[in-house]
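Participant: I am attaching a structure below and will ask some questions about it afterwards.
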Amino acid sequence: MIPKQKPRVGIFNLSSCEGCIVQILNLGEKLLDLLKLFNIVDCRVLGVKEDYNKLDIAIIEGCVMSFEEEVKAREIRERSEIVIALGDCAVSGNINFMKDITNKPHKSKPLSEVIKVDHEIPGCPISSEEFYRVLIDILMGKKITKKSITVCSECVLRENNCLLEKGVPCLGPITRGDCNAICPSNNRPCFGCRGLADDANIDALIKAFRDRNIPISQYLIALNQMKHKGGEER
Amino acid sequence: MRERNIRISIREISRIEGHLDIDVMVNSDGEVEVHAKALEGTRIVENVLVGKVYWEAIEIASRMCGVCHAIHKLTATQAVENAFNVTPPSDAIKFREIIAIAGHIQSHLTHLFYFTILDYLGKENIFQMLRDKRDLVIRVINLRQLTDEVIKKLGGSSVHPITPIVGGLSREIKKSDILSAYEAFRNMLDLASDIVEEILNISIPDLDSKSLYAALTNRNDIPLLQGKIRIGEEYHDAESFIRDLNAINEPYSNATHFIYRSSSYMVGALARLNLNHKNLVPEAKELCKRYNLEFPNYNPFANNLAQAIEIIHYIHKGLSILDDLKQKNNYQNRIRFTIRKGNGVSVSEAPRGLLFHQYELNENGIVTKANIITPTAQNLKNLEETIAKYFNKIRNLPPKDIEKEIMKLVRSYDPCISCAARFRKISN
């Protein structure tokens with residue numbers, strides 16, 4: 001059911017490259033369709049700043065890397081009904097987390113470590129289409145589910161040659177798909193930007209790497225640490 | 001230190017990439033001092049790069065910036081290629097140039113229409129422009145989509161392209177890639193002239209602020225990926241230029257502010273055209289003539305006009321490269337190389353100006369040292385000086401108007417703070 005009033009949306013960014021916000025612009029004319037359904041009331045990058053008390057949807061890009069950003073994230077949470085973590089920096093810390101592999105305590109925090117996050121849109125960058133779909137689903141009151149297909153399965157469906165078999169450190173077998181396997185389809189290894197798949201078997205992949213003399217990539221180490229850091233949820 | 005009064009203080013300037021504050025201070029002698037405070041939570045990408053194998057490092061380096069990701073990726077790739085002493089096949093170089101050009105046009109469009117032009121139309125944001133200039137907005141969006149289409153098709157992904165790798169491209173070049181990119185550039189040409197003229201029609205504030213300008217040059221081009229650096233009347237390669245750069249870590253900013261020897265300098269579209277305007281394509285020259293736009297031009301606000309001219313120039317440039325590629329049926333996408341110990345540096349023209357990536361790699365191709373110098377980090381000192389000059393000119397206006405004018409000037413530089421803020425104060 002579509003609500004009578006347009007939901008008020010805020011788009012914010014913490015520490016990130018802003019590429020996921022660029023992906024929103026990359027919706028092109030479809031962004032204008034979204035504007036018919038949503039009211040963007042706050043977005044510094046685009047120069048939107050209206051008076052408001054409460055937000056229906058807050059979209060936050062980037063991870064938390066300073067006290068100021070932590071305060072900002074909490075403030076946004078307090079006045080928002082729904083919070084969406086936009087992109088891999090917000091979801092997992094992404095490259096900012098990779099620095100922390102050897103650097104403890106961790107300086108970069110995924111959003112969910114600081115505030116309650118209602119939905120995550122993974123990827124580095126996010127897919128514009130997925131962003132569009134999630135917003136429409138929220139509007140319709142649909143339950144938002146993440147597909148459980150792995151990048152590896154999508155890659156097989158596209159009949160690509162297997163990179164792992166060629167000795168390339170591809171993380172497709174443990175990574176959540178729904179990205180059309182764009183990296184392996186361009187003959188590049190998946191490095192796990194959409195996070196771990198539901199039933200990811202990291203140990204099996206590490207064994208597969210060892211059997212093929214493939215060096216364990218830092219991306220794999222990062223995914224492995226994230227899993228143990230975040231428990232079942234991530 | 002003399003007592004300083006903060007006269008103007010602007011927090012989190014909107015419509016730029018990243019977080020920037022500006023303080024304008026006047027001391028008891030009436031001297032003006034400006035602090036451009038890059039406040040982005042510092043991501044210190046260089047530290048992430050150390051210890052990574054070269055190809056992982058390049059993927060990470062691309063994540064420096066979500067707006068000029070393509071040029072970061074290409075520059076990082078070229079730097080590693082220089083370290084390994086490998087030259088990609090010429091087809092791959094041309095293919096990459098098309099990706100760089102599409103990224104360049106896209107960045108200019110975003111900056112000009114989503115950020116800058118609004119200052120001149122008295123609008124806060126592009127959505128307000130939809131009300132009375134809906135047609136224009138839709139044409140801009142469609143033009144921007146064409147650049148996106150090219151990056152997606154050739155690069156594999158709209159943001160953070162996948163295909164450029166050390167030695168060339170990860171996948172084969174198909175004739176259909178070239179034909180569809182050619183088609184997209186043809187369509188860009190149809191849409192672009194009206195759009196560009198919207199920018200050329202704005203009347204920019206008068207400000208004479210001659211700076212030292214630096215840009216890549218070569219004999220008959222306004223190069224993006226290869227060339228000598230020209231600064232003033234001197235020519236340098238990347239290594240010797242970097243040696244003469246002085247890094248200033250201001251206590252108030254999370255970005256390193258660079259000067260050349262002892263002088264601030266300006267990079268970006270205006271610098272490129274001030275030093276290379278003779279190499280503009282005839283169509284772009286004609287446009288300059290029609291709008292009485294002459295280079296060299298010492299008004300920093302003209303950076304936006306230079307960007308508009310560049311849109312036309314680079315669409316034609318893209319078409320001519322694709323025309324060359326169209327004549328062929330077989331393409332070479334990569335060459336084999338051996339990993340070796342070395343130091344590689346590469347300089348390119350990002351949409352916002354000179355961009356340096358420098359890597360030291362060990363015999364296993366692991367990064368042992370990384371250094372990235374972004375255009376905005378080079379422009380910040382120059383921006384501070386220019387704001388001081390402009391402030392002196394407009395200081396009698398009401399404070400609200402002064403703020404507005406300063407923000408307009410900041411935006412004309414097209415700063416990207418996400419890229420620039422990578423130095424952290426020790427106190428934090």
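Residue numbers start at 1 in each chain; chains themselves are named A, B, ... in the order of the structure tokens; ligands are numbered from 1 in the order shown.
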With 7 Å as the limit and counting only C-alpha atoms, what residues in chain A lie close to chain B? Please list them as a PyMOL selection string.
Facilitator: chain A and resi 15+17-19+22+26+28-29+44-48+65-66+95-96+98-99+125+182-183+186-188+218
Participant: Excluding Gly10 of chain A and its own-chain neighbours fewer than 6 positions away, which residues fall within 7 Å of it when counting only C-alpha atoms? Please give them as a ChimeraX atom specification.
Facilitator: /A:40-43,55,57-59
Participant: What does the file look like for those residues with all heavy atoms, as an mmCIF file, in the first residue's frame?
Facilitator:
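Saved result, again.cif, follows:
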```cif
data_model
loop_
_atom_site.group_PDB
_atom_site.id
_atom_site.type_symbol
_atom_site.label_atom_id
_atom_site.label_comp_id
_atom_site.auth_asym_id
_atom_site.auth_seq_id
_atom_site.Cartn_x
_atom_site.Cartn_y
_atom_site.Cartn_z
ATOM 1 N N ILE A 40 12.926 14.139 -0.912
ATOM 2 C CA ILE A 40 14.273 14.242 -0.339
ATOM 3 C C ILE A 40 14.379 15.571 0.392
ATOM 4 O O ILE A 40 14.248 16.631 -0.214
ATOM 5 C CB ILE A 40 15.358 14.123 -1.428
ATOM 6 C CG1 ILE A 40 15.247 12.759 -2.111
ATOM 7 C CG2 ILE A 40 16.758 14.291 -0.825
ATOM 8 C CD1 ILE A 40 16.247 12.531 -3.228
ATOM 9 N N VAL A 41 14.568 15.517 1.714
ATOM 10 C CA VAL A 41 14.570 16.755 2.500
ATOM 11 C C VAL A 41 15.963 17.105 3.023
ATOM 12 O O VAL A 41 16.187 18.197 3.530
ATOM 13 C CB VAL A 41 13.576 16.691 3.691
ATOM 14 C CG1 VAL A 41 12.148 16.636 3.173
ATOM 15 C CG2 VAL A 41 13.862 15.514 4.604
ATOM 16 N N ASP A 42 16.897 16.183 2.919
ATOM 17 C CA ASP A 42 18.243 16.464 3.411
ATOM 18 C C ASP A 42 19.263 15.697 2.583
ATOM 19 O O ASP A 42 19.184 14.468 2.480
ATOM 20 C CB ASP A 42 18.362 16.064 4.898
ATOM 21 C CG ASP A 42 19.560 16.703 5.573
ATOM 22 O OD1 ASP A 42 20.489 17.138 4.858
ATOM 23 O OD2 ASP A 42 19.569 16.763 6.820
ATOM 24 N N CYS A 43 20.178 16.429 1.951
ATOM 25 C CA CYS A 43 21.263 15.784 1.226
ATOM 26 C C CYS A 43 22.317 16.860 0.939
ATOM 27 O O CYS A 43 22.147 17.683 0.052
ATOM 28 C CB CYS A 43 20.769 15.164 -0.084
ATOM 29 S SG CYS A 43 22.098 14.404 -1.041
ATOM 30 N N LEU A 55 12.514 11.934 10.100
ATOM 31 C CA LEU A 55 12.681 11.390 8.754
ATOM 32 C C LEU A 55 11.999 10.031 8.695
ATOM 33 O O LEU A 55 12.030 9.288 9.671
ATOM 34 C CB LEU A 55 14.161 11.162 8.446
ATOM 35 C CG LEU A 55 15.042 12.341 8.101
ATOM 36 C CD1 LEU A 55 16.478 11.869 7.948
ATOM 37 C CD2 LEU A 55 14.564 12.997 6.806
ATOM 38 N N ILE A 57 12.886 7.861 6.163
ATOM 39 C CA ILE A 57 13.984 6.991 5.737
ATOM 40 C C ILE A 57 15.291 7.777 5.744
ATOM 41 O O ILE A 57 15.385 8.848 5.139
ATOM 42 C CB ILE A 57 13.746 6.464 4.298
ATOM 43 C CG1 ILE A 57 12.397 5.728 4.213
ATOM 44 C CG2 ILE A 57 14.886 5.542 3.860
ATOM 45 C CD1 ILE A 57 11.973 5.393 2.789
ATOM 46 N N ALA A 58 16.282 7.252 6.449
ATOM 47 C CA ALA A 58 17.625 7.842 6.380
ATOM 48 C C ALA A 58 18.527 6.863 5.644
ATOM 49 O O ALA A 58 18.547 5.673 5.958
ATOM 50 C CB ALA A 58 18.161 8.098 7.786
ATOM 51 N N ILE A 59 19.221 7.388 4.638
ATOM 52 C CA ILE A 59 20.143 6.558 3.864
ATOM 53 C C ILE A 59 21.547 7.032 4.210
ATOM 54 O O ILE A 59 21.874 8.205 4.018
ATOM 55 C CB ILE A 59 19.868 6.738 2.352
ATOM 56 C CG1 ILE A 59 18.445 6.259 2.036
ATOM 57 C CG2 ILE A 59 20.902 5.990 1.516
ATOM 58 C CD1 ILE A 59 17.933 6.750 0.683
#
```
Participant: Between A:Val156, A:Leu205, A:Cys193, A:Ile21, which residue has the minimum interatomic distance to Pro173 of chain A, considering only C-alpha atoms?
Facilitator: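 Ranked by minimum distance to Pro173 of chain A, first place goes to A:Leu205.
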Participant: What is the distance, in Å and to one decimal place, between atom CA of Met140 of chain A and atom CA of Lys30 of chain A?
Facilitator: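 Those two atoms sit 17.3 Å apart.
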Participant: Which residues are close to segment 199-202 of chain A, i.e. within 8 Å by only C-alpha atoms, leaving aside same-chain residues fewer than 2 positions away? Reply as a VMD selection string.
Facilitator: chain A and resid 173 to 175 196 to 197 204 to 206 224
Participant: Emit the selected residues as an mmCIF file, in the first residue's frame, including all heavy atoms.
Facilitator:
```cif
data_model
loop_
_atom_site.group_PDB
_atom_site.id
_atom_site.type_symbol
_atom_site.label_atom_id
_atom_site.label_comp_id
_atom_site.auth_asym_id
_atom_site.auth_seq_id
_atom_site.Cartn_x
_atom_site.Cartn_y
_atom_site.Cartn_z
ATOM 1 N N PRO A 173 32.814 -18.010 -4.600
ATOM 2 C CA PRO A 173 32.099 -19.080 -3.900
ATOM 3 C C PRO A 173 31.549 -18.701 -2.528
ATOM 4 O O PRO A 173 30.635 -19.355 -2.035
ATOM 5 C CB PRO A 173 33.160 -20.180 -3.760
ATOM 6 C CG PRO A 173 34.146 -19.909 -4.852
ATOM 7 C CD PRO A 173 34.176 -18.422 -5.012
ATOM 8 N N ILE A 174 32.122 -17.667 -1.884
ATOM 9 C CA ILE A 174 31.624 -17.331 -0.538
ATOM 10 C C ILE A 174 30.886 -15.990 -0.501
ATOM 11 O O ILE A 174 30.417 -15.562 0.541
ATOM 12 C CB ILE A 174 32.780 -17.285 0.498
ATOM 13 C CG1 ILE A 174 33.879 -16.300 0.064
ATOM 14 C CG2 ILE A 174 33.351 -18.687 0.733
ATOM 15 C CD1 ILE A 174 34.894 -16.011 1.162
ATOM 16 N N THR A 175 30.808 -15.333 -1.641
ATOM 17 C CA THR A 175 30.268 -13.970 -1.642
ATOM 18 C C THR A 175 28.818 -13.936 -2.116
ATOM 19 O O THR A 175 28.452 -14.615 -3.072
ATOM 20 C CB THR A 175 31.128 -13.062 -2.546
ATOM 21 O OG1 THR A 175 32.466 -13.107 -2.073
ATOM 22 C CG2 THR A 175 30.640 -11.628 -2.532
ATOM 23 N N LEU A 196 29.575 -11.714 2.895
ATOM 24 C CA LEU A 196 29.490 -13.168 2.865
ATOM 25 C C LEU A 196 28.086 -13.654 2.532
ATOM 26 O O LEU A 196 27.095 -13.080 2.988
ATOM 27 C CB LEU A 196 29.894 -13.727 4.225
ATOM 28 C CG LEU A 196 31.391 -13.633 4.568
ATOM 29 C CD1 LEU A 196 31.616 -14.078 5.997
ATOM 30 C CD2 LEU A 196 32.226 -14.461 3.601
ATOM 31 N N ALA A 197 28.014 -14.712 1.747
ATOM 32 C CA ALA A 197 26.735 -15.363 1.474
ATOM 33 C C ALA A 197 26.268 -16.074 2.744
ATOM 34 O O ALA A 197 27.065 -16.336 3.652
ATOM 35 C CB ALA A 197 26.905 -16.349 0.333
ATOM 36 N N ALA A 204 36.494 -23.989 3.488
ATOM 37 C CA ALA A 204 36.588 -24.783 2.261
ATOM 38 C C ALA A 204 37.274 -23.982 1.158
ATOM 39 O O ALA A 204 38.072 -24.523 0.380
ATOM 40 C CB ALA A 204 35.203 -25.223 1.798
ATOM 41 N N LEU A 205 36.969 -22.680 1.097
ATOM 42 C CA LEU A 205 37.603 -21.859 0.055
ATOM 43 C C LEU A 205 39.104 -21.715 0.321
ATOM 44 O O LEU A 205 39.922 -21.794 -0.595
ATOM 45 C CB LEU A 205 36.942 -20.472 -0.035
ATOM 46 C CG LEU A 205 37.463 -19.628 -1.202
ATOM 47 C CD1 LEU A 205 37.048 -20.233 -2.548
ATOM 48 C CD2 LEU A 205 36.995 -18.190 -1.128
ATOM 49 N N ILE A 206 39.447 -21.533 1.598
ATOM 50 C CA ILE A 206 40.871 -21.421 1.936
ATOM 51 C C ILE A 206 41.595 -22.710 1.518
ATOM 52 O O ILE A 206 42.678 -22.679 0.931
ATOM 53 C CB ILE A 206 41.057 -21.137 3.447
ATOM 54 C CG1 ILE A 206 40.579 -19.709 3.741
ATOM 55 C CG2 ILE A 206 42.516 -21.314 3.866
ATOM 56 C CD1 ILE A 206 40.595 -19.294 5.190
ATOM 57 N N ASN A 224 37.120 -12.968 6.270
ATOM 58 C CA ASN A 224 37.189 -13.953 7.342
ATOM 59 C C ASN A 224 37.130 -13.258 8.698
ATOM 60 O O ASN A 224 36.383 -13.664 9.595
ATOM 61 C CB ASN A 224 38.498 -14.747 7.195
ATOM 62 C CG ASN A 224 38.451 -16.047 7.972
ATOM 63 O OD1 ASN A 224 37.380 -16.484 8.396
ATOM 64 N ND2 ASN A 224 39.602 -16.655 8.171
#
```
Participant: Which of these, A:Val83, A:Val151, A:Leu37, A:Cys179, has the shortest distance to Pro122 of chain A once you count only C-alpha atoms?
Facilitator: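 That would be A:Cys179, the residue with the smallest distance to Pro122 of chain A.
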Participant: Any idea what's packed within 7 Å of Lys369 of chain B, counting only C-alpha atoms, ignoring anything in its chain fewer than 2 positions away? Could you give it as a PyMOL selection string?
Facilitator: chain B and resi 50+359-360+367+371
Participant: Write to file, as an mmCIF file, in the first residue's frame, the residues of the selection just made, with all heavy atoms.
Facilitator:
```
data_model
loop_
_atom_site.group_PDB
_atom_site.id
_atom_site.type_symbol
_atom_site.label_atom_id
_atom_site.label_comp_id
_atom_site.auth_asym_id
_atom_site.auth_seq_id
_atom_site.Cartn_x
_atom_site.Cartn_y
_atom_site.Cartn_z
ATOM 1 N N VAL B 50 49.721 -0.326 1.648
ATOM 2 C CA VAL B 50 50.983 -0.964 2.005
ATOM 3 C C VAL B 50 50.725 -2.401 2.461
ATOM 4 O O VAL B 50 49.815 -2.664 3.240
ATOM 5 C CB VAL B 50 51.713 -0.148 3.099
ATOM 6 C CG1 VAL B 50 52.924 -0.906 3.638
ATOM 7 C CG2 VAL B 50 52.121 1.200 2.534
ATOM 8 N N TYR B 359 54.167 4.204 -6.379
ATOM 9 C CA TYR B 359 54.252 2.970 -5.595
ATOM 10 C C TYR B 359 55.657 2.404 -5.611
ATOM 11 O O TYR B 359 56.327 2.411 -6.647
ATOM 12 C CB TYR B 359 53.301 1.899 -6.148
ATOM 13 C CG TYR B 359 51.868 2.354 -6.163
ATOM 14 C CD1 TYR B 359 51.259 2.764 -7.338
ATOM 15 C CD2 TYR B 359 51.139 2.416 -4.972
ATOM 16 C CE1 TYR B 359 49.943 3.220 -7.345
ATOM 17 C CE2 TYR B 359 49.830 2.871 -4.971
ATOM 18 C CZ TYR B 359 49.240 3.275 -6.162
ATOM 19 O OH TYR B 359 47.960 3.727 -6.160
ATOM 20 N N GLU B 360 56.072 1.908 -4.447
ATOM 21 C CA GLU B 360 57.304 1.155 -4.370
ATOM 22 C C GLU B 360 56.880 -0.292 -4.162
ATOM 23 O O GLU B 360 56.081 -0.584 -3.273
ATOM 24 C CB GLU B 360 58.088 1.647 -3.149
ATOM 25 C CG GLU B 360 59.579 1.561 -3.266
ATOM 26 C CD GLU B 360 60.219 2.148 -2.026
ATOM 27 O OE1 GLU B 360 60.393 1.385 -1.052
ATOM 28 O OE2 GLU B 360 60.506 3.360 -2.030
ATOM 29 N N VAL B 367 53.185 -3.910 -2.355
ATOM 30 C CA VAL B 367 53.427 -2.473 -2.174
ATOM 31 C C VAL B 367 54.135 -2.243 -0.842
ATOM 32 O O VAL B 367 53.658 -2.667 0.210
ATOM 33 C CB VAL B 367 52.090 -1.689 -2.191
ATOM 34 C CG1 VAL B 367 52.319 -0.225 -1.886
ATOM 35 C CG2 VAL B 367 51.391 -1.868 -3.533
ATOM 36 N N ASN B 371 52.143 6.641 -2.349
ATOM 37 C CA ASN B 371 51.981 8.082 -2.209
ATOM 38 C C ASN B 371 50.987 8.537 -3.279
ATOM 39 O O ASN B 371 51.171 8.257 -4.457
ATOM 40 C CB ASN B 371 53.350 8.752 -2.410
ATOM 41 C CG ASN B 371 53.273 10.259 -2.305
ATOM 42 O OD1 ASN B 371 52.387 10.794 -1.628
ATOM 43 N ND2 ASN B 371 54.182 10.951 -2.971
#
```
Participant: Between atom CA of Ala85 of chain A and atom CA of Ile221 of chain A, what is the distance in Å, rounded to a tenth?
Facilitator: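 Atom CA of Ile221 of chain A lies 22.8 Å from atom CA of Ala85 of chain A.
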Participant: Name the closest residue to Lys37 of chain B among the candidates B:Asn299, B:Gln332, B:Asn392, B:Asn249; distances are taken between atoms, counting only C-alpha atoms.
Facilitator: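 Of B:Asn299, B:Gln332, B:Asn392, B:Asn249, the one nearest Lys37 of chain B, counting only C-alpha atoms, is B:Asn249.
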Participant: Go ahead and compute the interatomic distance for atom CA of Ile8 of chain B and atom CA of Ala38 of chain B, in Å to one decimal.
Facilitator: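 About the pair atom CA of Ile8 of chain B and atom CA of Ala38 of chain B: they are 16.4 Å apart.
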Participant: If we count only C-alpha atoms, what is near Lys278 of chain B at a cut-off of 10 Å, once residues fewer than 6 positions away on the same chain are taken out, given as a PyMOL selection string?
Facilitator: chain B and resi 219-222+285+295
Participant: I want to know what sits within 10 Å of Ala284 of chain B, based on only C-alpha atoms, with residues of the same chain fewer than 4 positions away left out; could you give that as a list in words?
Facilitator: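 Non-adjacent residues within range: His277, Asn279, Leu280, Cys288, Lys289, Arg290, Ala308, Ile309, Glu310, Ile311, Ile312, His313, Tyr314 and His316 of chain B.
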